[in-house]
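K.L.:
Encoded as structure tokens, here's the structure I'll be asking about.
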Amino acid sequence: MTREEAPGEREIAVVAFAQTDHRRTSEELSEVEMLMPVLHDVLGQTGLKTADIGFTCSGSSDYLAGRAFSFTLALDGVGAWPPISESHVEMDGAWALYEAWVKLRTGDADTALVYSYGKSSPGSVRDVLTRQLDPYYVAPLWPDSVALAALQAQALIDAGHTDEPALAAVGARSRSTDNPHAQLRGPVPQGDYVVRPLRTGDCPPISDGAAAVVLAAGERARELCARPAWIRGIDHRVEAHGIGVRELTDSPSARLAAERAGAFERPVDTAELHAPFSSQEVLLRKALRLDDGVAVNPSGGALAANPIMAAGLIRIGEAAARIHRGESDRALAHATSGPCLQQNLVAVLEGDPR
Amino acid sequence: MPDILKAPLTVEFPFTRSLGPVQSAFLTGLRERVVLGVRTGDGRVLVPPVEYDPVTAEEIRDLVEVAPTGTVTTWAWNHEPRRGQPLDAPFAWVLVRLDGADTALLHALDAPGPDAVHTGMRVRVRWAGERSGAITDIACFEPYDGEPGRLDGHTGEFEDPVTGIVAPARLDYTYSPGRAQTGYIHALAERRLVGERCPSCRKVYVPPRGACPTCGVATAEQVEVGPRGTVTTFCIVNIKAKQLDIEVPYVYAHIALDGADLALHGRIAGIPYDRVRMGLRVEAVWTEGARYPDHYRPTGEPDADYDMYKELL
């Protein structure tokens with residue numbers, strides 16, 4: 001541990017990222033069987049062993065598995081003996097990464113392993129996600145995730161921010177990725193309405209998958225990675241639970257998170273947006289002031305693969321990996337949770353000058 | 001590799017939730033065909049009402065009646081209604097700003113088709129025939145071209161207010177235990193107990209989960225263990241579980257099967273409950289046609305030495 005640095009000044013970087021190939025079903029694998037190759041991959045990239053990791057944090061949801069405390073079984077893949085410092089968030093792994101980032105900033109650890117996973121295949125994800133809604137006024141009506149996104153899409157269309165052909169173009173561009181991990185690649189029919197105005201092509205695939213990231217502080221990051229992706233800022237914000245209270249054609253929480261993360265101080269060249277629906281990408285581009293010069297979702301984004309609870313962490317990982325490869329110098333990564341972009345997390349990542 | 005097992009799994013809870021004063025007034029109002037909102041410090045009226053101002057977080061209690069008529073602020077056509085949704089026939093999801101309110105309520109709109117729906121259209125509440133004090137007391141909205149609904153200036157005071165709701169939640173899954181546990185369950189049906197050996201620390205885990213929890217590596221080498229083993233620790237159960245046909249008291253024990261490096265748990269029978277002890281040698285018992293051991297019974301061997309199983313406690 002380096003105590004010379006003031007804890008608040010510690011630079012933290014993403015030094016490794018791995019993900020599964022995302023698939024419609026992985027029923028032959030338990031969660032831990034799906035997760036383990038990804039954990040070994042990030043540790044292998046850095047040469048770290050479980051015992052070297054200062055802090056471990058994960059994100060997942062019992063509602064996807066249909067079992068209580070399902071994350072405890074996944075811990076078998078980490079090797080939690082002798083005892084490790086570990087935590088879990090019932091959220092997308094992007095929020096687990098935020099917790100790990102705080103832990104590293106305090107100086108309590110120099111390295112962190114962050115992982116998350118989601119198997120949507122056992123249940124019906126549209127129904128499962130209704131259980132995160134207000135239980136008094138909303139959940140008893142069982143409005144599914146596509147229906148809520150469709151209400152927001154119609155509001156955007158009515159306000160003149162987009163139209164159905166523009167939404168189709170978002171889906172088509174997302175799936176034109178060459179990302180080998182993506183579930184949907186190449187031309188995908190725009191399809192019929194799922195809930196109008198959203199068609200199949202505007203909605204994410206239902207995915208099983210996992211992802212993992214290693215964070216490291218200061219010089220440790222430089223030892224572990226040739227070109228660390230430094231987290232220059234990270235922030236997350238939430239809006240009112242009731243969607244009828246919110247301004248659905250805007251995302252003030254995403255914009256505020258981006259502002260606090262320093263995203264608007266200088267232009268970014270890449271943006272990885274966690275927008276499971278094409279309409280949400282339209283909204284986020286506006287809220288985050290991304291112009292056509294920014295490479296948005298070169299990975300394909302959530303429209304190409306959407307392992308719930310991992311898709312946000314993957315956005316941070318994909319942005320970092322582009323910096324590692326020298327394809328980006330300054331990237332914005334975004335994650336969301338809740339209906340109609342209720343919660344938003346923004347991280348700004350940079351590589352050292354070349 | 002045998003076929004991966006799958007089975008339906010239904011998770012169902014009747015959540016019983018208590019209501020605060022504002023939610024109680026709103027839901028009681030619906031029972032009485034009155035729609036109430038709540039006024040914030042800056043004069044906005046929120047429908048459905050909340051107990052804390054979403055902007056200032058101040059507690060708010062100032063109930064105001066709003067009309068059962070309103071305007072659609074956005075909509076989405078749902079041509080394939082799902083289980084639990086308000087209408088069985090195709091309908092529109094709508095956010096409706098009721099006359100007198102500043103925020104919108106989510107519900108269903110009964111309309112003949114998407115061409116009959118647009119943002120800005122006027123709608124009114126269609127009340128459910130039987131009302132109990134729940135959001136579903138509004139059956140749905142319906143198109144309406146009349147005047148705004150009349151207000152009686154209701155104060156939100158009711159006799160016999162609703163103080164709670166029961167919110168049933170049901171989710172259906174197809175559970176699959178994955179490769180390692182499928183192998184374990186298949187072997188059980190053949191009256192064999194199998195574990196998996198860690199390639200790194202060489203320990204044998206039973207039941208296997210496909211990973212060594214110490215080393216964090218995948219396990220694959222299947223190893224037959226038992227069927228005899230040693231009781232490492234136990235407890236006496238005195239409370240009868242619902243839907244469990246076992247007389248109390250009975251003994252539940254950790255059992256280190258011969259050849260295994262992790263104890264599994266099982267019920268001990270065939271011996272009085274107060275004679276079960278650490279070190280007792282037991283074996284698995286399958287009942288007729290069973291896919292898994294019903295219980296473990298004493299083998300009659302001498303007890304195991306403490307040193308033989310102390311690492312497995």
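In the structure tokens, the first chain shown is A, the next is B, and so on; residue numbers restart at 1 for each chain, and ligands run from 1 in the order shown.
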Determine, counting only C-alpha atoms, which protein, DNA and RNA residues have an atom within 6 Å of an atom of region 92-101 of chain A; residues of the same chain fewer than 2 positions away are not included. Present the result as a CSV table (one decimal) with all heavy atoms, in the first residue's frame.

P.N.:
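So the final result, stored in part_9.csv, reads:
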```csv
chain,number,residue,atom,x,y,z
A,57,CYS,N,-15.4,-7.2,-5.8
A,57,CYS,CA,-16.8,-6.7,-5.7
A,57,CYS,C,-17.5,-7.2,-6.9
A,57,CYS,O,-17.0,-7.2,-8.0
A,57,CYS,CB,-16.8,-5.2,-5.7
A,57,CYS,SG,-18.4,-4.5,-5.1
A,58,SER,N,-18.8,-7.7,-6.7
A,58,SER,CA,-19.5,-8.2,-7.8
A,58,SER,C,-20.9,-7.6,-7.9
A,58,SER,O,-21.4,-7.1,-6.9
A,58,SER,CB,-19.6,-9.8,-7.6
A,58,SER,OG,-20.3,-10.1,-6.4
A,59,GLY,N,-21.5,-7.8,-9.1
A,59,GLY,CA,-22.9,-7.4,-9.3
A,59,GLY,C,-23.7,-8.5,-9.9
A,59,GLY,O,-23.2,-9.1,-10.9
A,89,VAL,N,-23.1,-6.0,-4.9
A,89,VAL,CA,-24.2,-5.1,-5.1
A,89,VAL,C,-25.3,-5.8,-5.9
A,89,VAL,O,-25.0,-6.6,-6.9
A,89,VAL,CB,-23.8,-3.8,-5.8
A,89,VAL,CG1,-22.7,-3.0,-5.0
A,89,VAL,CG2,-23.2,-4.0,-7.2
A,103,LYS,N,-13.1,2.1,-2.9
A,103,LYS,CA,-12.2,1.4,-2.0
A,103,LYS,C,-10.7,1.7,-2.3
A,103,LYS,O,-9.9,1.9,-1.4
A,103,LYS,CB,-12.5,-0.1,-2.1
A,103,LYS,CG,-11.7,-1.0,-1.2
A,103,LYS,CD,-12.5,-1.1,0.1
A,103,LYS,CE,-11.9,-2.2,1.0
A,103,LYS,NZ,-12.6,-2.3,2.3
A,104,LEU,N,-10.4,1.7,-3.6
A,104,LEU,CA,-9.0,2.0,-4.0
A,104,LEU,C,-8.6,3.4,-3.7
A,104,LEU,O,-7.5,3.7,-3.3
A,104,LEU,CB,-8.8,1.7,-5.5
A,104,LEU,CG,-8.3,0.2,-5.8
A,104,LEU,CD1,-9.1,-0.8,-5.2
A,104,LEU,CD2,-8.1,0.0,-7.3
A,114,VAL,N,-13.4,-6.9,-10.2
A,114,VAL,CA,-14.8,-6.6,-10.3
A,114,VAL,C,-15.4,-7.5,-11.3
A,114,VAL,O,-14.9,-7.6,-12.4
A,114,VAL,CB,-15.1,-5.1,-10.7
A,114,VAL,CG1,-16.5,-4.8,-10.8
A,114,VAL,CG2,-14.4,-4.1,-9.8
A,116,SER,N,-19.3,-9.4,-12.9
A,116,SER,CA,-20.8,-9.4,-12.8
A,116,SER,C,-21.3,-10.4,-13.9
A,116,SER,O,-20.5,-10.7,-14.8
A,116,SER,CB,-21.4,-8.0,-13.0
A,116,SER,OG,-21.1,-7.5,-14.2
A,309,MET,N,-27.2,-7.1,-15.8
A,309,MET,CA,-26.3,-7.0,-14.6
A,309,MET,C,-24.8,-6.9,-15.0
A,309,MET,O,-23.9,-6.6,-14.2
A,309,MET,CB,-26.4,-8.0,-13.5
A,309,MET,CG,-27.8,-8.0,-12.9
A,309,MET,SD,-28.1,-6.6,-12.0
A,309,MET,CE,-29.8,-6.3,-12.4
A,310,ALA,N,-24.5,-7.3,-16.3
A,310,ALA,CA,-23.1,-7.2,-16.8
A,310,ALA,C,-23.0,-6.2,-17.9
A,310,ALA,O,-21.9,-5.7,-18.1
A,310,ALA,CB,-22.6,-8.6,-17.2
A,312,GLY,N,-23.6,-3.1,-18.3
A,312,GLY,CA,-23.1,-1.8,-17.9
A,312,GLY,C,-21.6,-1.9,-17.6
A,312,GLY,O,-20.8,-1.1,-18.1
A,313,LEU,N,-21.2,-2.9,-16.9
A,313,LEU,CA,-19.7,-3.1,-16.6
A,313,LEU,C,-19.0,-3.4,-18.0
A,313,LEU,O,-17.9,-2.9,-18.1
A,313,LEU,CB,-19.5,-4.3,-15.7
A,313,LEU,CG,-18.1,-4.7,-15.4
A,313,LEU,CD1,-17.4,-3.5,-14.6
A,313,LEU,CD2,-18.0,-6.0,-14.6
```

K.L.:
If you run DSSP on the backbone here, which positions in region 59-105 of chain A get helix (DSSP H, G or I)? Please write them as a PyMOL selection string.

P.N.:
chain A and resi 62-65+71-77+93-105

K.L.:
In Å, rounded to a single decimal, give me how far CA of Ala211 (chain B) is from CA of Asp208 (chain A).

P.N.:
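Value for the CA of Asp208 (chain A)-CA of Ala211 (chain B) distance: 19.0 Å.
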
K.L.:
Using only C-alpha atoms, what does the table of chain A residues within 6 Å of chain B look like, with each row giving the shortest atom pair and its distance in Å to one decimal, sorted by chain and ascending number, as JSON lines?

P.N.:
```
{"residue": "A:Glu27", "atom": "CA", "partner": "B:Ser176", "partner_atom": "CA", "distance": 5.9}
{"residue": "A:Glu28", "atom": "CA", "partner": "B:Gly178", "partner_atom": "CA", "distance": 4.8}
{"residue": "A:Leu29", "atom": "CA", "partner": "B:Gly178", "partner_atom": "CA", "distance": 4.1}
{"residue": "A:Ser30", "atom": "CA", "partner": "B:Gly178", "partner_atom": "CA", "distance": 4.2}
{"residue": "A:Asp76", "atom": "CA", "partner": "B:Pro213", "partner_atom": "CA", "distance": 4.0}
{"residue": "A:Gly77", "atom": "CA", "partner": "B:Gly216", "partner_atom": "CA", "distance": 4.4}
{"residue": "A:Val78", "atom": "CA", "partner": "B:Gly216", "partner_atom": "CA", "distance": 4.7}
{"residue": "A:Gly79", "atom": "CA", "partner": "B:Gly216", "partner_atom": "CA", "distance": 3.8}
{"residue": "A:Ala80", "atom": "CA", "partner": "B:Thr214", "partner_atom": "CA", "distance": 5.9}
{"residue": "A:Trp81", "atom": "CA", "partner": "B:Thr214", "partner_atom": "CA", "distance": 4.8}
{"residue": "A:Pro122", "atom": "CA", "partner": "B:Thr174", "partner_atom": "CA", "distance": 4.8}
{"residue": "A:Gly123", "atom": "CA", "partner": "B:Tyr173", "partner_atom": "CA", "distance": 4.2}
{"residue": "A:Tyr137", "atom": "CA", "partner": "B:Ile135", "partner_atom": "CA", "distance": 5.6}
{"residue": "A:Leu141", "atom": "CA", "partner": "B:Gln85", "partner_atom": "CA", "distance": 5.1}
{"residue": "A:Trp142", "atom": "CA", "partner": "B:Gln85", "partner_atom": "CA", "distance": 5.2}
{"residue": "A:Ala150", "atom": "CA", "partner": "B:Ala76", "partner_atom": "CA", "distance": 5.6}
{"residue": "A:Leu151", "atom": "CA", "partner": "B:Trp75", "partner_atom": "CA", "distance": 5.2}
{"residue": "A:Ala155", "atom": "CA", "partner": "B:Thr74", "partner_atom": "CA", "distance": 5.5}
{"residue": "A:Val195", "atom": "CA", "partner": "B:Asn78", "partner_atom": "CA", "distance": 5.0}
{"residue": "A:Arg196", "atom": "CA", "partner": "B:Trp77", "partner_atom": "CA", "distance": 4.8}
{"residue": "A:Gly244", "atom": "CA", "partner": "B:Ala104", "partner_atom": "CA", "distance": 4.2}
{"residue": "A:Val245", "atom": "CA", "partner": "B:Thr103", "partner_atom": "CA", "distance": 5.3}
```

K.L.:
Write out the residues from the selection above, keeping C-alpha atoms, as a PDB file, in the first residue's frame.

P.N.:
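And here is the file that came out, out34.pdb:
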```pdb
ATOM      1  CA  GLU A  27     -28.324 -23.748 -19.588  1.00  0.00           C
ATOM      2  CA  GLU A  28     -25.515 -26.299 -19.637  1.00  0.00           C
ATOM      3  CA  LEU A  29     -23.541 -24.050 -17.297  1.00  0.00           C
ATOM      4  CA  SER A  30     -24.235 -22.906 -13.751  1.00  0.00           C
ATOM      5  CA  ASP A  76     -16.684 -20.379  -5.510  1.00  0.00           C
ATOM      6  CA  GLY A  77     -15.148 -19.171  -8.755  1.00  0.00           C
ATOM      7  CA  VAL A  78     -13.113 -16.509  -6.972  1.00  0.00           C
ATOM      8  CA  GLY A  79     -11.367 -18.745  -4.466  1.00  0.00           C
ATOM      9  CA  ALA A  80     -12.526 -17.146  -1.236  1.00  0.00           C
ATOM     10  CA  TRP A  81     -10.261 -19.185   1.049  1.00  0.00           C
ATOM     11  CA  PRO A 122     -34.109 -19.305 -16.918  1.00  0.00           C
ATOM     12  CA  GLY A 123     -36.928 -16.757 -16.618  1.00  0.00           C
ATOM     13  CA  TYR A 137     -48.927   1.895  -7.911  1.00  0.00           C
ATOM     14  CA  LEU A 141     -50.121  -3.608 -13.421  1.00  0.00           C
ATOM     15  CA  TRP A 142     -47.146  -5.720 -14.625  1.00  0.00           C
ATOM     16  CA  ALA A 150     -41.891   2.171 -25.607  1.00  0.00           C
ATOM     17  CA  LEU A 151     -43.653   4.929 -23.642  1.00  0.00           C
ATOM     18  CA  ALA A 155     -42.509  10.635 -26.072  1.00  0.00           C
ATOM     19  CA  VAL A 195     -44.718  -2.837 -28.015  1.00  0.00           C
ATOM     20  CA  ARG A 196     -45.333  -0.029 -30.518  1.00  0.00           C
ATOM     21  CA  GLY A 244     -44.839  10.047 -14.552  1.00  0.00           C
ATOM     22  CA  VAL A 245     -42.835  12.514 -12.447  1.00  0.00           C
TER      23      VAL A 245
END
```

K.L.:
Could you list, as number ranges by chain, every residue within 9 Å of region 176-183 of chain A, counting only C-alpha atoms and ignoring same-chain residues fewer than 5 positions away?

P.N.:
A: 19-24, 171, 205, 207, 297-301, 304-306

K.L.:
Within 6 Å of region 198-203 of chain A, counting only C-alpha atoms, which residues show up once you throw out same-chain ones fewer than 6 positions away? Write them as an NGL selection string, please.

P.N.:
:A and (150 or 171 or 190-192 or 277-278)

K.L.:
List every residue of region 143-200 of chain B that DSSP, applied to the backbone of this structure, assigns to strand (DSSP E), and report them as a list of chain:residue names.

P.N.:
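Answer for region 143-200 of chain B, restricted to strand (DSSP E): B:Pro143, B:Gly164, B:Ile165, B:Val166, B:Ala167, B:Pro168, B:Ala169, B:Arg170, B:Leu171, B:Asp172, B:Tyr173, B:Thr174, B:Tyr175, B:Leu193, B:Val194, B:Gly195, B:Glu196, B:Arg197.
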
K.L.:
How would the residues just chosen look if you wrote them out with N, CA and C atoms as a CSV table (one decimal), in the first residue's frame?

P.N.:
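Dumped everything to result16.csv:
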```csv
chain,number,residue,atom,x,y,z
B,143,PRO,N,-61.4,6.3,-23.9
B,143,PRO,CA,-61.5,7.5,-24.6
B,143,PRO,C,-62.7,8.3,-24.1
B,164,GLY,N,-53.4,-1.4,4.1
B,164,GLY,CA,-52.4,-2.2,3.5
B,164,GLY,C,-52.8,-2.8,2.2
B,165,ILE,N,-51.9,-3.4,1.5
B,165,ILE,CA,-52.2,-4.1,0.2
B,165,ILE,C,-51.5,-5.4,0.3
B,166,VAL,N,-52.1,-6.4,-0.5
B,166,VAL,CA,-51.4,-7.6,-0.7
B,166,VAL,C,-51.0,-7.6,-2.2
B,167,ALA,N,-49.7,-7.6,-2.5
B,167,ALA,CA,-49.3,-7.6,-3.9
B,167,ALA,C,-48.7,-8.9,-4.2
B,168,PRO,N,-49.5,-9.8,-4.9
B,168,PRO,CA,-48.9,-11.1,-5.3
B,168,PRO,C,-47.9,-10.9,-6.4
B,169,ALA,N,-46.8,-11.6,-6.2
B,169,ALA,CA,-45.7,-11.6,-7.2
B,169,ALA,C,-45.5,-13.1,-7.6
B,170,ARG,N,-45.4,-13.3,-8.9
B,170,ARG,CA,-45.2,-14.7,-9.4
B,170,ARG,C,-44.2,-14.6,-10.6
B,171,LEU,N,-43.2,-15.3,-10.5
B,171,LEU,CA,-42.3,-15.4,-11.7
B,171,LEU,C,-42.0,-16.9,-11.9
B,172,ASP,N,-42.0,-17.3,-13.2
B,172,ASP,CA,-41.8,-18.6,-13.6
B,172,ASP,C,-40.4,-18.8,-14.3
B,173,TYR,N,-39.7,-19.8,-13.9
B,173,TYR,CA,-38.4,-20.1,-14.4
B,173,TYR,C,-38.3,-21.5,-14.9
B,174,THR,N,-37.3,-21.8,-15.7
B,174,THR,CA,-36.9,-23.1,-16.0
B,174,THR,C,-35.5,-23.3,-15.4
B,175,TYR,N,-35.4,-24.0,-14.3
B,175,TYR,CA,-34.1,-24.0,-13.6
B,175,TYR,C,-33.3,-25.1,-14.2
B,193,LEU,N,-22.9,-41.8,-5.2
B,193,LEU,CA,-22.6,-40.5,-4.7
B,193,LEU,C,-21.3,-40.1,-5.3
B,194,VAL,N,-21.3,-38.9,-6.1
B,194,VAL,CA,-20.0,-38.5,-6.7
B,194,VAL,C,-19.7,-37.1,-6.3
B,195,GLY,N,-18.4,-36.9,-6.3
B,195,GLY,CA,-17.8,-35.5,-6.1
B,195,GLY,C,-17.0,-35.2,-7.2
B,196,GLU,N,-16.3,-34.0,-7.2
B,196,GLU,CA,-15.3,-33.7,-8.2
B,196,GLU,C,-14.0,-33.2,-7.5
B,197,ARG,N,-12.9,-33.7,-8.1
B,197,ARG,CA,-11.6,-33.4,-7.5
B,197,ARG,C,-11.0,-32.1,-8.1
```

K.L.:
Give me, as a list of chain:residue names, all polymer residues having an atom no more than 12 Å from Ala169 (chain A), counting only C-alpha atoms and skipping those fewer than 3 positions away in the same chain.

P.N.:
A:Thr162, A:Asp163, A:Glu164, A:Pro165, A:Ala166, A:Ala172, A:Arg173, A:Ser174, A:Arg175, A:Ser176, A:Pro187, A:Val188, A:Pro189, A:Gln190, A:Gly201, A:Asp202, A:Ser278, A:Ser279, A:Glu281, A:Val282, A:Leu303

K.L.:
Can you tell me which residues surround region 259-268 of chain A at a distance of at most 9 Å, considering only C-alpha atoms, apart from same-chain residues fewer than 2 positions away, and format the answer as a list in words?

P.N.:
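Final neighbour list, sorted by chain and number: Arg232, Gly233, Ile234, Asp235, His236, Ala254, Arg255, Leu256, Ala257, Thr270, Ala271, Leu288, Arg289, Leu290, Val294, Ala295, Ser328, Asp329, Arg330, Ala331, Leu332, Val346, Ala347 and Val348 of chain A.
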
K.L.:
So the first atom is CA of Gly229 (chain B) and the second is CA of Cys201 (chain B); what is the distance between them in Å, to one decimal place?

P.N.:
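It comes out at 21.6 Å.
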
K.L.:
Tell me, in Å to one decimal, how far CA of Tyr273 (chain B) is from CA of Glu301 (chain B).

P.N.:
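Going from CA of Tyr273 (chain B) over to CA of Glu301 (chain B) covers 18.0 Å.
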
K.L.:
Contacts of Arg150 (chain B) at 12 Å or less, counting only C-alpha atoms, minus same-chain residues fewer than 6 places along, as an MDAnalysis selection string?

P.N.:
chainID B and resid 34:35 65:70 99:100 124

K.L.:
Can you write out the residues you just picked, keeping N, CA, C and O atoms, as a PDB file, in the first residue's frame?

P.N.:
```
ATOM      1  N   VAL B  34     -62.783   8.099  -5.971  1.00  0.00           N
ATOM      2  CA  VAL B  34     -62.258   9.456  -5.825  1.00  0.00           C
ATOM      3  C   VAL B  34     -60.763   9.384  -6.099  1.00  0.00           C
ATOM      4  O   VAL B  34     -60.087   8.480  -5.600  1.00  0.00           O
ATOM      5  N   VAL B  35     -60.229  10.300  -6.939  1.00  0.00           N
ATOM      6  CA  VAL B  35     -58.789  10.304  -7.188  1.00  0.00           C
ATOM      7  C   VAL B  35     -58.160  11.458  -6.416  1.00  0.00           C
ATOM      8  O   VAL B  35     -58.581  12.614  -6.563  1.00  0.00           O
ATOM      9  N   GLU B  65     -58.173  16.643  -4.236  1.00  0.00           N
ATOM     10  CA  GLU B  65     -58.885  15.814  -5.203  1.00  0.00           C
ATOM     11  C   GLU B  65     -58.578  16.289  -6.613  1.00  0.00           C
ATOM     12  O   GLU B  65     -58.482  17.499  -6.860  1.00  0.00           O
ATOM     13  N   VAL B  66     -58.387  15.329  -7.533  1.00  0.00           N
ATOM     14  CA  VAL B  66     -58.273  15.674  -8.952  1.00  0.00           C
ATOM     15  C   VAL B  66     -59.370  14.926  -9.701  1.00  0.00           C
ATOM     16  O   VAL B  66     -60.026  14.037  -9.169  1.00  0.00           O
ATOM     17  N   ALA B  67     -59.548  15.313 -10.966  1.00  0.00           N
ATOM     18  CA  ALA B  67     -60.659  14.757 -11.741  1.00  0.00           C
ATOM     19  C   ALA B  67     -60.319  13.358 -12.255  1.00  0.00           C
ATOM     20  O   ALA B  67     -59.155  13.026 -12.451  1.00  0.00           O
ATOM     21  N   PRO B  68     -61.334  12.536 -12.492  1.00  0.00           N
ATOM     22  CA  PRO B  68     -61.104  11.216 -13.104  1.00  0.00           C
ATOM     23  C   PRO B  68     -60.963  11.302 -14.619  1.00  0.00           C
ATOM     24  O   PRO B  68     -61.037  10.296 -15.313  1.00  0.00           O
ATOM     25  N   THR B  69     -60.784  12.514 -15.120  1.00  0.00           N
ATOM     26  CA  THR B  69     -60.562  12.726 -16.556  1.00  0.00           C
ATOM     27  C   THR B  69     -59.176  13.317 -16.739  1.00  0.00           C
ATOM     28  O   THR B  69     -58.637  13.954 -15.827  1.00  0.00           O
ATOM     29  N   GLY B  70     -58.603  13.113 -17.914  1.00  0.00           N
ATOM     30  CA  GLY B  70     -57.258  13.641 -18.118  1.00  0.00           C
ATOM     31  C   GLY B  70     -56.797  13.520 -19.556  1.00  0.00           C
ATOM     32  O   GLY B  70     -57.581  13.195 -20.456  1.00  0.00           O
ATOM     33  N   ASP B  99     -56.848  15.809 -14.880  1.00  0.00           N
ATOM     34  CA  ASP B  99     -57.166  17.239 -14.782  1.00  0.00           C
ATOM     35  C   ASP B  99     -56.986  17.686 -13.336  1.00  0.00           C
ATOM     36  O   ASP B  99     -57.601  17.134 -12.418  1.00  0.00           O
ATOM     37  N   GLY B 100     -56.105  18.658 -13.151  1.00  0.00           N
ATOM     38  CA  GLY B 100     -55.788  19.136 -11.807  1.00  0.00           C
ATOM     39  C   GLY B 100     -54.444  18.642 -11.307  1.00  0.00           C
ATOM     40  O   GLY B 100     -53.956  19.099 -10.276  1.00  0.00           O
ATOM     41  N   ARG B 124     -60.853   9.086 -19.689  1.00  0.00           N
ATOM     42  CA  ARG B 124     -61.373   9.095 -18.320  1.00  0.00           C
ATOM     43  C   ARG B 124     -61.219   7.709 -17.691  1.00  0.00           C
ATOM     44  O   ARG B 124     -61.062   6.708 -18.402  1.00  0.00           O
TER      45      ARG B 124
END
```
